[in-house]
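What's in protein.cif: mmCIF, C-alpha atoms and all ligand atoms
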```
data_target
loop_
_atom_site.group_PDB
_atom_site.id
_atom_site.type_symbol
_atom_site.label_atom_id
_atom_site.label_comp_id
_atom_site.auth_asym_id
_atom_site.auth_seq_id
_atom_site.Cartn_x
_atom_site.Cartn_y
_atom_site.Cartn_z
ATOM 1 C CA MET Y 1 -4.878 -24.224 -3.544
ATOM 2 C CA ASP Y 2 -5.259 -22.054 -0.452
ATOM 3 C CA LYS Y 3 -5.802 -18.469 -1.509
ATOM 4 C CA HIS Y 4 -4.064 -15.492 0.040
ATOM 5 C CA LEU Y 5 -6.718 -13.776 2.162
ATOM 6 C CA ILE Y 6 -5.896 -10.085 1.916
ATOM 7 C CA LEU Y 7 -7.099 -7.165 4.009
ATOM 8 C CA LEU Y 8 -5.995 -3.994 2.205
ATOM 9 C CA ASP Y 9 -5.606 -0.640 3.977
ATOM 10 C CA THR Y 10 -5.064 2.145 1.459
ATOM 11 C CA ASP Y 11 -5.032 5.898 0.829
ATOM 12 C CA ILE Y 12 -6.115 5.335 -2.774
ATOM 13 C CA GLY Y 13 -7.235 8.449 -4.617
ATOM 14 C CA CYS Y 14 -4.381 10.928 -4.837
ATOM 15 C CA ASP Y 15 -1.330 8.886 -5.746
ATOM 16 C CA ILE Y 16 -1.958 6.408 -8.502
ATOM 17 C CA ASP Y 17 0.162 3.517 -7.199
ATOM 18 C CA ASP Y 18 -2.597 2.313 -4.855
ATOM 19 C CA TRP Y 19 -4.722 1.840 -7.982
ATOM 20 C CA TYR Y 20 -1.892 -0.128 -9.646
ATOM 21 C CA CYS Y 21 -1.606 -2.239 -6.501
ATOM 22 C CA LEU Y 22 -5.330 -2.977 -6.279
ATOM 23 C CA SER Y 23 -5.381 -3.900 -9.977
ATOM 24 C CA TYR Y 24 -2.511 -6.356 -9.396
ATOM 25 C CA LEU Y 25 -4.300 -7.968 -6.449
ATOM 26 C CA LEU Y 26 -7.564 -8.255 -8.409
ATOM 27 C CA ALA Y 27 -5.720 -9.880 -11.321
ATOM 28 C CA ARG Y 28 -4.183 -12.640 -9.186
ATOM 29 C CA GLU Y 29 -6.167 -15.876 -9.196
ATOM 30 C CA ASP Y 30 -4.572 -16.880 -5.880
ATOM 31 C CA VAL Y 31 -5.828 -13.784 -4.035
ATOM 32 C CA GLU Y 32 -9.130 -13.160 -2.305
ATOM 33 C CA ILE Y 33 -9.540 -9.628 -0.965
ATOM 34 C CA LEU Y 34 -11.636 -9.993 2.186
ATOM 35 C CA GLY Y 35 -11.948 -6.274 2.766
ATOM 36 C CA ILE Y 36 -10.559 -2.831 2.028
ATOM 37 C CA THR Y 37 -10.230 0.073 4.455
ATOM 38 C CA THR Y 38 -9.197 3.598 3.550
ATOM 39 C CA ASN Y 39 -7.290 6.307 5.369
ATOM 40 C CA THR Y 40 -6.235 9.976 5.236
ATOM 41 C CA GLY Y 41 -8.345 12.901 4.000
ATOM 42 C CA ASN Y 42 -11.711 12.209 2.381
ATOM 43 C CA ALA Y 43 -11.591 8.524 3.320
ATOM 44 C CA ILE Y 44 -15.204 8.014 2.187
ATOM 45 C CA LYS Y 45 -14.457 9.137 -1.379
ATOM 46 C CA ARG Y 46 -11.392 6.891 -1.367
ATOM 47 C CA ALA Y 47 -13.581 3.975 -0.253
ATOM 48 C CA GLU Y 48 -16.043 4.662 -3.086
ATOM 49 C CA LEU Y 49 -13.185 4.685 -5.586
ATOM 50 C CA ALA Y 50 -11.780 1.361 -4.310
ATOM 51 C CA ASP Y 51 -15.272 -0.166 -4.491
ATOM 52 C CA ALA Y 52 -15.778 1.112 -8.052
ATOM 53 C CA ILE Y 53 -12.459 -0.406 -9.210
ATOM 54 C CA CYS Y 54 -13.351 -3.816 -7.735
ATOM 55 C CA CYS Y 55 -16.789 -3.675 -9.384
ATOM 56 C CA LEU Y 56 -15.172 -2.973 -12.788
ATOM 57 C CA VAL Y 57 -13.745 -6.508 -12.772
ATOM 58 C CA GLY Y 58 -16.884 -8.060 -11.287
ATOM 59 C CA LYS Y 59 -15.191 -8.846 -7.969
ATOM 60 C CA PRO Y 60 -17.101 -6.754 -5.421
ATOM 61 C CA VAL Y 61 -15.218 -6.373 -2.140
ATOM 62 C CA LYS Y 62 -16.490 -5.073 1.187
ATOM 63 C CA VAL Y 63 -15.025 -1.575 1.580
ATOM 64 C CA CYS Y 64 -15.061 0.587 4.710
ATOM 65 C CA ALA Y 65 -13.848 4.173 5.241
ATOM 66 C CA GLY Y 66 -11.351 4.594 8.079
ATOM 67 C CA ALA Y 67 -9.356 7.244 9.925
ATOM 68 C CA GLU Y 68 -8.817 10.612 8.245
ATOM 69 C CA ARG Y 69 -6.491 11.976 10.926
ATOM 70 C CA PRO Y 70 -3.413 10.580 12.654
ATOM 71 C CA ILE Y 71 -3.586 9.274 16.211
ATOM 72 C CA ILE Y 72 -1.976 12.475 17.505
ATOM 73 C CA GLY Y 73 -2.224 15.932 15.926
ATOM 74 C CA GLU Y 74 -3.567 17.161 12.623
ATOM 75 C CA THR Y 75 -3.135 15.531 9.234
ATOM 76 C CA LEU Y 76 -0.274 16.659 7.008
ATOM 77 C CA GLN Y 77 -2.214 15.446 3.976
ATOM 78 C CA LYS Y 78 -2.733 18.603 1.931
ATOM 79 C CA ASN Y 79 -4.637 16.925 -0.863
ATOM 80 C CA LEU Y 80 -7.877 16.288 1.006
ATOM 81 C CA VAL Y 81 -9.706 15.539 -2.202
ATOM 82 C CA ALA Y 82 -9.322 12.073 -3.664
ATOM 83 C CA SER Y 83 -8.918 13.650 -7.090
ATOM 84 C CA GLU Y 84 -8.472 10.380 -8.992
ATOM 85 C CA ALA Y 85 -12.006 9.433 -7.972
ATOM 86 C CA GLU Y 86 -13.308 11.855 -10.619
ATOM 87 C CA VAL Y 87 -12.210 9.430 -13.328
ATOM 88 C CA LEU Y 88 -14.749 6.872 -12.107
ATOM 89 C CA ALA Y 89 -17.361 9.352 -10.841
ATOM 90 C CA GLU Y 90 -20.148 7.653 -12.821
ATOM 91 C CA ASP Y 91 -19.266 4.219 -11.430
ATOM 92 C CA MET Y 92 -19.375 5.245 -7.763
ATOM 93 C CA ASN Y 93 -22.060 3.808 -5.550
ATOM 94 C CA PRO Y 94 -21.939 5.259 -2.019
ATOM 95 C CA GLU Y 95 -24.513 2.684 -0.874
ATOM 96 C CA ASN Y 96 -21.907 -0.071 -1.315
ATOM 97 C CA ILE Y 97 -19.710 1.314 1.461
ATOM 98 C CA ILE Y 98 -19.933 -0.626 4.729
ATOM 99 C CA GLN Y 99 -21.330 1.543 7.530
ATOM 100 C CA GLU Y 100 -19.100 0.331 10.334
ATOM 101 C CA SER Y 101 -15.971 1.623 12.043
ATOM 102 C CA ALA Y 102 -12.867 0.488 10.157
ATOM 103 C CA VAL Y 103 -11.411 -0.924 13.383
ATOM 104 C CA ASP Y 104 -14.492 -3.111 14.043
ATOM 105 C CA PHE Y 105 -14.557 -4.152 10.370
ATOM 106 C CA MET Y 106 -10.876 -5.217 10.423
ATOM 107 C CA CYS Y 107 -11.275 -6.966 13.768
ATOM 108 C CA ARG Y 108 -14.264 -8.966 12.534
ATOM 109 C CA ILE Y 109 -12.492 -10.122 9.365
ATOM 110 C CA ILE Y 110 -9.360 -11.197 11.285
ATOM 111 C CA LYS Y 111 -11.350 -13.070 13.936
ATOM 112 C CA GLN Y 112 -13.418 -14.857 11.296
ATOM 113 C CA ASN Y 113 -10.183 -16.130 9.694
ATOM 114 C CA PRO Y 114 -7.701 -16.642 12.542
ATOM 115 C CA GLY Y 115 -4.086 -17.053 11.416
ATOM 116 C CA ARG Y 116 -4.959 -16.604 7.749
ATOM 117 C CA VAL Y 117 -5.368 -12.885 7.040
ATOM 118 C CA GLU Y 118 -2.518 -10.981 5.384
ATOM 119 C CA LEU Y 119 -2.887 -7.280 6.210
ATOM 120 C CA VAL Y 120 -1.388 -5.047 3.519
ATOM 121 C CA SER Y 121 -0.888 -1.406 4.490
ATOM 122 C CA ILE Y 122 -0.151 0.987 1.616
ATOM 123 C CA GLY Y 123 -1.077 4.279 3.262
ATOM 124 C CA ALA Y 124 -0.893 5.808 6.731
ATOM 125 C CA LEU Y 125 -0.776 3.189 9.478
ATOM 126 C CA THR Y 126 -3.520 4.802 11.588
ATOM 127 C CA ASN Y 127 -6.234 2.174 11.038
ATOM 128 C CA SER Y 128 -3.862 -0.701 11.851
ATOM 129 C CA ALA Y 129 -2.491 1.000 14.964
ATOM 130 C CA ARG Y 130 -6.003 1.821 16.180
ATOM 131 C CA LEU Y 131 -6.944 -1.822 15.621
ATOM 132 C CA PHE Y 132 -3.967 -3.050 17.657
ATOM 133 C CA ILE Y 133 -4.792 -0.591 20.476
ATOM 134 C CA ALA Y 134 -8.483 -1.520 20.635
ATOM 135 C CA HIS Y 135 -8.013 -5.257 20.012
ATOM 136 C CA PRO Y 136 -4.378 -6.184 20.832
ATOM 137 C CA GLU Y 137 -5.080 -9.881 20.243
ATOM 138 C CA THR Y 138 -5.687 -9.278 16.514
ATOM 139 C CA ALA Y 139 -1.995 -8.549 15.819
ATOM 140 C CA GLY Y 140 -1.038 -12.098 16.782
ATOM 141 C CA MET Y 141 -3.980 -13.511 14.791
ATOM 142 C CA LEU Y 142 -2.670 -12.194 11.462
ATOM 143 C CA LYS Y 143 -0.702 -14.454 9.142
ATOM 144 C CA SER Y 144 1.434 -11.451 8.185
ATOM 145 C CA MET Y 145 1.431 -7.699 7.820
ATOM 146 C CA THR Y 146 3.034 -5.909 4.880
ATOM 147 C CA VAL Y 147 3.974 -2.260 5.339
ATOM 148 C CA MET Y 148 4.802 0.062 2.450
ATOM 149 C CA GLY Y 149 6.609 2.730 4.401
ATOM 150 C CA GLY Y 150 9.840 4.133 5.757
ATOM 151 C CA ARG Y 151 13.193 5.078 4.338
ATOM 152 C CA PHE Y 152 15.752 2.652 5.695
ATOM 153 C CA ALA Y 153 18.834 3.317 3.579
ATOM 154 C CA ASP Y 154 20.558 5.967 1.508
ATOM 155 C CA LYS Y 155 20.801 4.968 -2.140
ATOM 156 C CA PRO Y 156 22.025 6.920 -5.177
ATOM 157 C CA TRP Y 157 18.509 6.667 -6.626
ATOM 158 C CA CYS Y 158 16.762 7.735 -3.402
ATOM 159 C CA ARG Y 159 18.266 11.076 -2.497
ATOM 160 C CA THR Y 160 17.129 13.055 0.510
ATOM 161 C CA GLU Y 161 16.479 16.196 -1.554
ATOM 162 C CA LYS Y 162 13.812 14.334 -3.533
ATOM 163 C CA TRP Y 163 12.415 11.868 -0.995
ATOM 164 C CA GLY Y 164 13.078 13.672 2.289
ATOM 165 C CA GLU Y 165 14.345 12.048 5.440
ATOM 166 C CA ILE Y 166 10.914 10.759 6.464
ATOM 167 C CA GLU Y 167 8.880 8.671 4.029
ATOM 168 C CA TRP Y 168 5.331 9.869 3.293
ATOM 169 C CA ASN Y 169 3.227 7.050 4.815
ATOM 170 C CA ILE Y 170 5.224 7.140 8.048
ATOM 171 C CA ARG Y 171 5.144 10.945 8.124
ATOM 172 C CA MET Y 172 1.337 10.822 7.936
ATOM 173 C CA ASP Y 173 1.278 9.100 11.344
ATOM 174 C CA PRO Y 174 4.615 8.357 13.075
ATOM 175 C CA VAL Y 175 2.915 7.272 16.314
ATOM 176 C CA ALA Y 176 0.890 4.685 14.402
ATOM 177 C CA ALA Y 177 4.062 3.417 12.713
ATOM 178 C CA ALA Y 178 5.799 3.006 16.083
ATOM 179 C CA ILE Y 179 2.802 1.056 17.432
ATOM 180 C CA VAL Y 180 2.685 -1.219 14.369
ATOM 181 C CA PHE Y 181 6.437 -1.964 14.376
ATOM 182 C CA ASP Y 182 6.177 -2.734 18.093
ATOM 183 C CA SER Y 183 3.185 -5.066 17.728
ATOM 184 C CA CYS Y 184 3.288 -8.858 18.010
ATOM 185 C CA VAL Y 185 2.502 -9.567 14.322
ATOM 186 C CA ARG Y 186 4.113 -12.931 13.482
ATOM 187 C CA GLU Y 187 5.643 -11.857 10.178
ATOM 188 C CA MET Y 188 6.213 -8.178 9.423
ATOM 189 C CA ILE Y 189 7.168 -7.505 5.799
ATOM 190 C CA ILE Y 190 8.547 -4.009 5.161
ATOM 191 C CA ILE Y 191 9.114 -2.220 1.880
ATOM 192 C CA GLY Y 192 11.063 1.020 2.185
ATOM 193 C CA VAL Y 193 10.920 3.837 -0.321
ATOM 194 C CA GLU Y 194 14.633 3.293 -1.100
ATOM 195 C CA GLN Y 195 13.535 0.216 -3.108
ATOM 196 C CA SER Y 196 10.026 1.198 -4.212
ATOM 197 C CA CYS Y 197 11.166 4.498 -5.746
ATOM 198 C CA ARG Y 198 13.037 2.504 -8.399
ATOM 199 C CA MET Y 199 9.689 1.323 -9.802
ATOM 200 C CA TRP Y 200 9.089 4.307 -12.057
ATOM 201 C CA GLN Y 201 7.996 4.689 -15.664
ATOM 202 C CA PRO Y 202 7.384 7.694 -17.913
ATOM 203 C CA ALA Y 203 3.688 8.626 -17.933
ATOM 204 C CA GLU Y 204 3.397 8.242 -21.710
ATOM 205 C CA ALA Y 205 4.674 4.631 -21.548
ATOM 206 C CA VAL Y 206 2.156 3.843 -18.807
ATOM 207 C CA VAL Y 207 -0.766 5.428 -20.660
ATOM 208 C CA SER Y 208 0.085 3.541 -23.831
ATOM 209 C CA ALA Y 209 0.576 0.143 -22.136
ATOM 210 C CA MET Y 210 -2.603 0.348 -20.057
ATOM 211 C CA LYS Y 211 -4.896 1.118 -22.975
ATOM 212 C CA GLY Y 212 -7.762 -1.350 -23.111
ATOM 213 C CA HIS Y 213 -7.242 -2.843 -19.642
ATOM 214 C CA VAL Y 214 -10.441 -2.875 -17.593
ATOM 215 C CA THR Y 215 -9.056 -1.281 -14.401
ATOM 216 C CA LEU Y 216 -5.797 0.229 -15.643
ATOM 217 C CA GLU Y 217 -7.171 2.239 -18.560
ATOM 218 C CA PRO Y 218 -9.108 4.522 -16.188
ATOM 219 C CA ALA Y 219 -5.963 4.759 -14.032
ATOM 220 C CA ALA Y 220 -4.053 5.802 -17.130
ATOM 221 C CA ARG Y 221 -6.685 8.497 -17.773
ATOM 222 C CA ALA Y 222 -5.911 9.873 -14.312
ATOM 223 C CA VAL Y 223 -2.173 10.146 -15.072
ATOM 224 C CA SER Y 224 -2.430 11.153 -18.726
ATOM 225 C CA GLY Y 225 -1.755 14.831 -18.006
ATOM 226 C CA TRP Y 226 1.118 14.158 -15.636
ATOM 227 C CA LYS Y 227 4.496 15.582 -16.377
ATOM 228 C CA GLY Y 228 7.375 13.174 -15.990
ATOM 229 C CA GLY Y 229 6.389 9.787 -14.742
ATOM 230 C CA THR Y 230 4.565 7.628 -12.284
ATOM 231 C CA TRP Y 231 5.736 5.386 -9.435
ATOM 232 C CA PHE Y 232 4.559 1.881 -8.528
ATOM 233 C CA HIS Y 233 5.498 1.838 -4.796
ATOM 234 C CA ASP Y 234 2.341 0.105 -3.552
ATOM 235 C CA ALA Y 235 2.263 -2.422 -6.385
ATOM 236 C CA LEU Y 236 5.796 -3.450 -5.419
ATOM 237 C CA ALA Y 237 4.625 -3.991 -1.834
ATOM 238 C CA ALA Y 238 1.881 -6.389 -2.989
ATOM 239 C CA MET Y 239 4.254 -8.255 -5.310
ATOM 240 C CA ALA Y 240 6.893 -8.491 -2.567
ATOM 241 C CA LEU Y 241 4.307 -10.192 -0.356
ATOM 242 C CA LEU Y 242 3.004 -12.620 -2.986
ATOM 243 C CA GLU Y 243 6.237 -13.341 -4.887
ATOM 244 C CA PRO Y 244 9.029 -12.890 -2.297
ATOM 245 C CA GLU Y 245 11.412 -15.158 -4.223
ATOM 246 C CA LEU Y 246 11.827 -12.423 -6.851
ATOM 247 C CA PHE Y 247 13.543 -10.103 -4.373
ATOM 248 C CA GLU Y 248 16.309 -9.889 -1.744
ATOM 249 C CA TRP Y 249 15.487 -9.693 1.966
ATOM 250 C CA GLN Y 250 17.094 -9.133 5.323
ATOM 251 C CA ARG Y 251 15.751 -10.173 8.732
ATOM 252 C CA GLY Y 252 15.891 -7.830 11.684
ATOM 253 C CA ARG Y 253 13.849 -5.268 13.496
ATOM 254 C CA ALA Y 254 12.342 -1.996 12.328
ATOM 255 C CA ASP Y 255 11.789 0.890 14.707
ATOM 256 C CA CYS Y 256 10.227 4.325 14.356
ATOM 257 C CA GLU Y 257 11.276 7.346 16.449
ATOM 258 C CA ILE Y 258 8.492 9.443 17.892
ATOM 259 C CA PHE Y 259 10.187 11.468 20.629
ATOM 260 C CA ALA Y 260 13.231 12.684 18.710
ATOM 261 C CA HIS Y 261 13.252 15.999 16.819
ATOM 262 C CA THR Y 262 12.616 13.949 13.658
ATOM 263 C CA PRO Y 263 9.473 11.937 14.460
ATOM 264 C CA GLY Y 264 9.001 9.286 11.815
ATOM 265 C CA LYS Y 265 12.672 8.500 11.329
ATOM 266 C CA VAL Y 266 12.951 4.744 10.975
ATOM 267 C CA SER Y 267 15.844 2.350 11.462
ATOM 268 C CA PHE Y 268 16.476 -1.339 10.869
ATOM 269 C CA SER Y 269 18.813 -3.531 12.928
ATOM 270 C CA SER Y 270 19.852 -6.786 11.313
ATOM 271 C CA ASP Y 271 19.054 -9.899 13.355
ATOM 272 C CA LYS Y 272 18.317 -13.306 11.837
ATOM 273 C CA GLY Y 273 16.149 -14.301 14.780
ATOM 274 C CA VAL Y 274 13.637 -11.462 14.501
ATOM 275 C CA ASN Y 275 10.318 -11.618 12.681
ATOM 276 C CA HIS Y 276 10.654 -8.380 10.666
ATOM 277 C CA ARG Y 277 11.785 -8.730 7.051
ATOM 278 C CA LEU Y 278 13.049 -5.753 5.040
ATOM 279 C CA LEU Y 279 13.220 -5.674 1.256
ATOM 280 C CA THR Y 280 16.869 -4.953 0.408
ATOM 281 C CA ASP Y 281 16.954 -5.320 -3.369
ATOM 282 C CA ALA Y 282 14.273 -5.187 -6.079
ATOM 283 C CA ASP Y 283 15.188 -5.185 -9.754
ATOM 284 C CA PRO Y 284 12.842 -2.856 -11.710
ATOM 285 C CA ALA Y 285 13.124 -5.040 -14.846
ATOM 286 C CA VAL Y 286 11.934 -8.075 -12.873
ATOM 287 C CA PHE Y 287 9.132 -6.083 -11.226
ATOM 288 C CA PHE Y 288 7.778 -4.601 -14.456
ATOM 289 C CA GLY Y 289 8.103 -7.946 -16.233
ATOM 290 C CA ARG Y 290 5.963 -9.705 -13.629
ATOM 291 C CA TYR Y 291 3.529 -6.810 -13.364
ATOM 292 C CA SER Y 292 2.947 -6.797 -17.117
ATOM 293 C CA GLU Y 293 2.579 -10.576 -17.239
ATOM 294 C CA THR Y 294 0.075 -10.628 -14.359
ATOM 295 C CA LEU Y 295 -2.039 -7.788 -15.759
ATOM 296 C CA GLY Y 296 -1.707 -8.848 -19.407
ATOM 297 C CA ILE Y 297 -0.314 -5.496 -20.532
ATOM 298 C CA GLY Y 298 2.803 -4.494 -22.438
ATOM 299 C CA LEU Y 299 4.457 -2.263 -19.851
ATOM 300 C CA LEU Y 300 8.203 -2.857 -20.068
ATOM 301 C CA TYR Y 301 11.011 -1.363 -18.045
ATOM 302 C CA THR Y 302 12.672 1.094 -20.383
ATOM 303 C CA ILE Y 303 14.579 3.759 -18.470
ATOM 304 C CA PRO Y 304 15.618 4.087 -14.835
ATOM 305 C CA CYS Y 305 13.984 6.640 -12.576
ATOM 306 C CA PRO Y 306 15.808 9.924 -13.280
ATOM 307 C CA TRP Y 307 15.802 10.922 -9.602
HETATM 308 CA CA CA H 401 -0.614 4.597 -1.022
#
```
I'd like the structure from this file rewritten - as structure tokens, please.
Ligand SMILES: [Ca+2]
Amino acid sequence: MDKHLILLDTDIGCDIDDWYCLSYLLAREDVEILGITTNTGNAIKRAELADAICCLVGKPVKVCAGAERPIIGETLQKNLVASEAEVLAEDMNPENIIQESAVDFMCRIIKQNPGRVELVSIGALTNSARLFIAHPETAGMLKSMTVMGGRFADKPWCRTEKWGEIEWNIRMDPVAAAIVFDSCVREMIIIGVEQSCRMWQPAEAVVSAMKGHVTLEPAARAVSGWKGGTWFHDALAAMALLEPELFEWQRGRADCEIFAHTPGKVSFSSDKGVNHRLLTDADPAVFFGRYSETLGIGLLYTIPCPW
């Protein structure tokens, strides 16, 4: 069986769903993570956290710290500290982090595996956009790129007052998003927040279900004091890539505005002949069922997201 060769670009460290996503990828027998890059504030600490999580399951992965700031302007990321890293402070080993620019690191991995690498972006798109600027040929050498980002539709469960008009990952670097959506990646897989925000569970259910799991129990420690609940946006993105048959899709083209008064506003035009694919329906019961089965935990979908 040919494994999925994944290159993961993440802002792990201050929103727990990156940790849920990485745990899902590590649990899949059909996945080999070729490398991890990090982005947004304190990227080095985020890299150390990602490395520590991989080491917990005995699957060390090459990890490299990437861009902390967007391509243009200052970062909007207020939480510059990767606070979740404190949970694994004793497991961190800064010497494991690859001392190379994230762009060179990504380029090398893609060129060593032409046509086979699946780039999964679950944070700001800065590293990917910088890669495509410096080495335009790498976009066409990817097997696919998965983007967790954008808000493409109004849904009763994804109201503007809660989620804003511009989704977080795109807001972190709208110019990078425009470059990525405009690139010549062969298969662009897009998960908007209007679907991912449905993947929510109360914190107490998560803490209870994750008890005893090698990578998820420390994640549960990080969320144990949280009021309300916890989202699984990034884990949905990984599952949508690896198990697309579980979900509904539409082909078309995604775009990101950068010159309008709302930079970061995205749109999607339906077109069967275009190589962008947007997730249009994801059932939370199906998602949590598969997530629990893959991780061997008892996390069941109990109540819908109250937002
Ligand atoms: Ca993320």
Given a cut-off of 7 Å, what residues near ligand CA 401 (chain H) show up using all atoms listed in the file, put as a short mmCIF file (atom, residue, chain, number, x, y, z; two decimals) with C-alpha atoms, in the coordinates of the input?
```cif
data_model
loop_
_atom_site.label_atom_id
_atom_site.label_comp_id
_atom_site.auth_asym_id
_atom_site.auth_seq_id
_atom_site.Cartn_x
_atom_site.Cartn_y
_atom_site.Cartn_z
CA THR Y 10 -5.06 2.14 1.46
CA ASP Y 11 -5.03 5.90 0.83
CA ILE Y 12 -6.12 5.34 -2.77
CA ASP Y 15 -1.33 8.89 -5.75
CA ASP Y 17 0.16 3.52 -7.20
CA ASP Y 18 -2.60 2.31 -4.86
CA ILE Y 122 -0.15 0.99 1.62
CA GLY Y 123 -1.08 4.28 3.26
CA ASP Y 234 2.34 0.10 -3.55
#
```
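For the set Y:Ala89, Y:Ala238, Y:Leu299, Y:Val147, the residue with the smallest atom-to-atom gap to Glu204 of chain Y is Y:Leu299, counting all atoms listed in the file.
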- Task: Skip segment 109-121 of chain Y itself and residues of its chain fewer than 6 positions away, then list as a list in words all residues within 9 Å of it, counting only C-alpha atoms.
- Result: His4, Leu5, Ile6, Leu7, Leu8, Asp9, Thr10, Leu34, Gly35, Ser128, Thr138, Gly140, Met141, Leu142, Lys143, Ser144, Met145, Thr146, Val147, Met148, Gly149, Asp234, Ala237, Ala238 and Leu241 of chain Y
- Message: Between Y:Arg198, Y:Cys21, Y:Pro136, Y:Arg186, which residue has the minimum interatomic distance to Pro156 of chain Y, considering all atoms listed in the file?
- Response: Y:Arg198
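Take atom CA of Asn42 of chain Y and atom CA of Gly66 of chain Y: the distance between them is 9.5 Å.
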- Do you know which residues are at most 7 Å from Ala47 of chain Y counting only C-alpha atoms, after dropping those on the same chain fewer than 2 positions away, and could you put them as an MDAnalysis selection string? chainID Y and resid 37:38 43:45 49:51 63:65 97
- Item | Of the listed residues Y:Ile191, Y:Ala27, Y:Val207, Y:Val175, that which approaches Glu248 of chain Y most closely, counting all atoms listed in the file | Y:Ile191
- Message: Applying the PyMOL selection byres (((chain Y and resi 262-269) around 12) and not hetatm) to the file I just gave you, which residues come out? Please list them as a ChimeraX atom specification.
- Response: /Y:72,124-125,149-154,164-179,181,190-193,250-261,270-280
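Those residues that approach Ile53 of chain Y to within 10 Å, counting only C-alpha atoms, are Trp19, Leu22, Ser23, Leu26, Lys59, Pro60, Val61, Ala85, Leu88, Asp91, Met92, Val214, Thr215, Leu216, Pro218 and Ala219 of chain Y; same-chain residues fewer than 6 positions away are not listed.
Counting only C-alpha atoms and comparing Y:Met106, Y:Ala240, Y:Pro70, Y:Val87, the residue that lies closest to Glu217 of chain Y is Y:Val87.
Take the candidates Y:Asn93, Y:Thr126, Y:Thr294, Y:Ser196 and check each one against Phe247 of chain Y using only C-alpha atoms; the shortest distance goes to Y:Ser196.
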Take the PyMOL selection byres (((chain Y and resi 287) around 12) and not hetatm), run it mentally on this structure, and tell me the resulting residues as a PDB file with C-alpha atoms, in the frame of the given file.
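Produced file out_36.pdb, reproduced below:
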```
ATOM      1  CA  TYR Y  24      -2.511  -6.356  -9.396  1.00  0.00           C
ATOM      2  CA  GLN Y 195      13.535   0.216  -3.108  1.00  0.00           C
ATOM      3  CA  SER Y 196      10.026   1.198  -4.212  1.00  0.00           C
ATOM      4  CA  ARG Y 198      13.037   2.504  -8.399  1.00  0.00           C
ATOM      5  CA  MET Y 199       9.689   1.323  -9.802  1.00  0.00           C
ATOM      6  CA  TRP Y 200       9.089   4.307 -12.057  1.00  0.00           C
ATOM      7  CA  GLN Y 201       7.996   4.689 -15.664  1.00  0.00           C
ATOM      8  CA  PHE Y 232       4.559   1.881  -8.528  1.00  0.00           C
ATOM      9  CA  HIS Y 233       5.498   1.838  -4.796  1.00  0.00           C
ATOM     10  CA  ASP Y 234       2.341   0.105  -3.552  1.00  0.00           C
ATOM     11  CA  ALA Y 235       2.263  -2.422  -6.385  1.00  0.00           C
ATOM     12  CA  LEU Y 236       5.796  -3.450  -5.419  1.00  0.00           C
ATOM     13  CA  ALA Y 237       4.625  -3.991  -1.834  1.00  0.00           C
ATOM     14  CA  ALA Y 238       1.881  -6.389  -2.989  1.00  0.00           C
ATOM     15  CA  MET Y 239       4.254  -8.255  -5.310  1.00  0.00           C
ATOM     16  CA  ALA Y 240       6.893  -8.491  -2.567  1.00  0.00           C
ATOM     17  CA  GLU Y 243       6.237 -13.341  -4.887  1.00  0.00           C
ATOM     18  CA  PRO Y 244       9.029 -12.890  -2.297  1.00  0.00           C
ATOM     19  CA  GLU Y 245      11.412 -15.158  -4.223  1.00  0.00           C
ATOM     20  CA  LEU Y 246      11.827 -12.423  -6.851  1.00  0.00           C
ATOM     21  CA  PHE Y 247      13.543 -10.103  -4.373  1.00  0.00           C
ATOM     22  CA  ASP Y 281      16.954  -5.320  -3.369  1.00  0.00           C
ATOM     23  CA  ALA Y 282      14.273  -5.187  -6.079  1.00  0.00           C
ATOM     24  CA  ASP Y 283      15.188  -5.185  -9.754  1.00  0.00           C
ATOM     25  CA  PRO Y 284      12.842  -2.856 -11.710  1.00  0.00           C
ATOM     26  CA  ALA Y 285      13.124  -5.040 -14.846  1.00  0.00           C
ATOM     27  CA  VAL Y 286      11.934  -8.075 -12.873  1.00  0.00           C
ATOM     28  CA  PHE Y 288       7.778  -4.601 -14.456  1.00  0.00           C
ATOM     29  CA  GLY Y 289       8.103  -7.946 -16.233  1.00  0.00           C
ATOM     30  CA  ARG Y 290       5.963  -9.705 -13.629  1.00  0.00           C
ATOM     31  CA  TYR Y 291       3.529  -6.810 -13.364  1.00  0.00           C
ATOM     32  CA  SER Y 292       2.947  -6.797 -17.117  1.00  0.00           C
ATOM     33  CA  GLU Y 293       2.579 -10.576 -17.239  1.00  0.00           C
ATOM     34  CA  THR Y 294       0.075 -10.628 -14.359  1.00  0.00           C
ATOM     35  CA  LEU Y 299       4.457  -2.263 -19.851  1.00  0.00           C
ATOM     36  CA  LEU Y 300       8.203  -2.857 -20.068  1.00  0.00           C
ATOM     37  CA  TYR Y 301      11.011  -1.363 -18.045  1.00  0.00           C
TER      38      TYR Y 301
END
```
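Restricting the calculation to all atoms listed in the file, the smallest distance between Met210 of chain Y and any of Y:Trp231, Y:Trp157, Y:Tyr20, Y:Trp163 is found for Y:Tyr20.
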- Message: I'd like the interatomic distance between atom CA of Glu90 of chain Y and atom CA of Leu56 of chain Y, to a tenth of an Å.
- Response: 11.7 Å
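For the structure in this document, the set picked by the PyMOL selection byres (((chain Y and resi 228) around 6) and not hetatm) is Pro202, Lys227 and Gly229 of chain Y.
Going from atom CA of His135 of chain Y over to atom CA of Cys184 of chain Y, you cover 12.0 Å.
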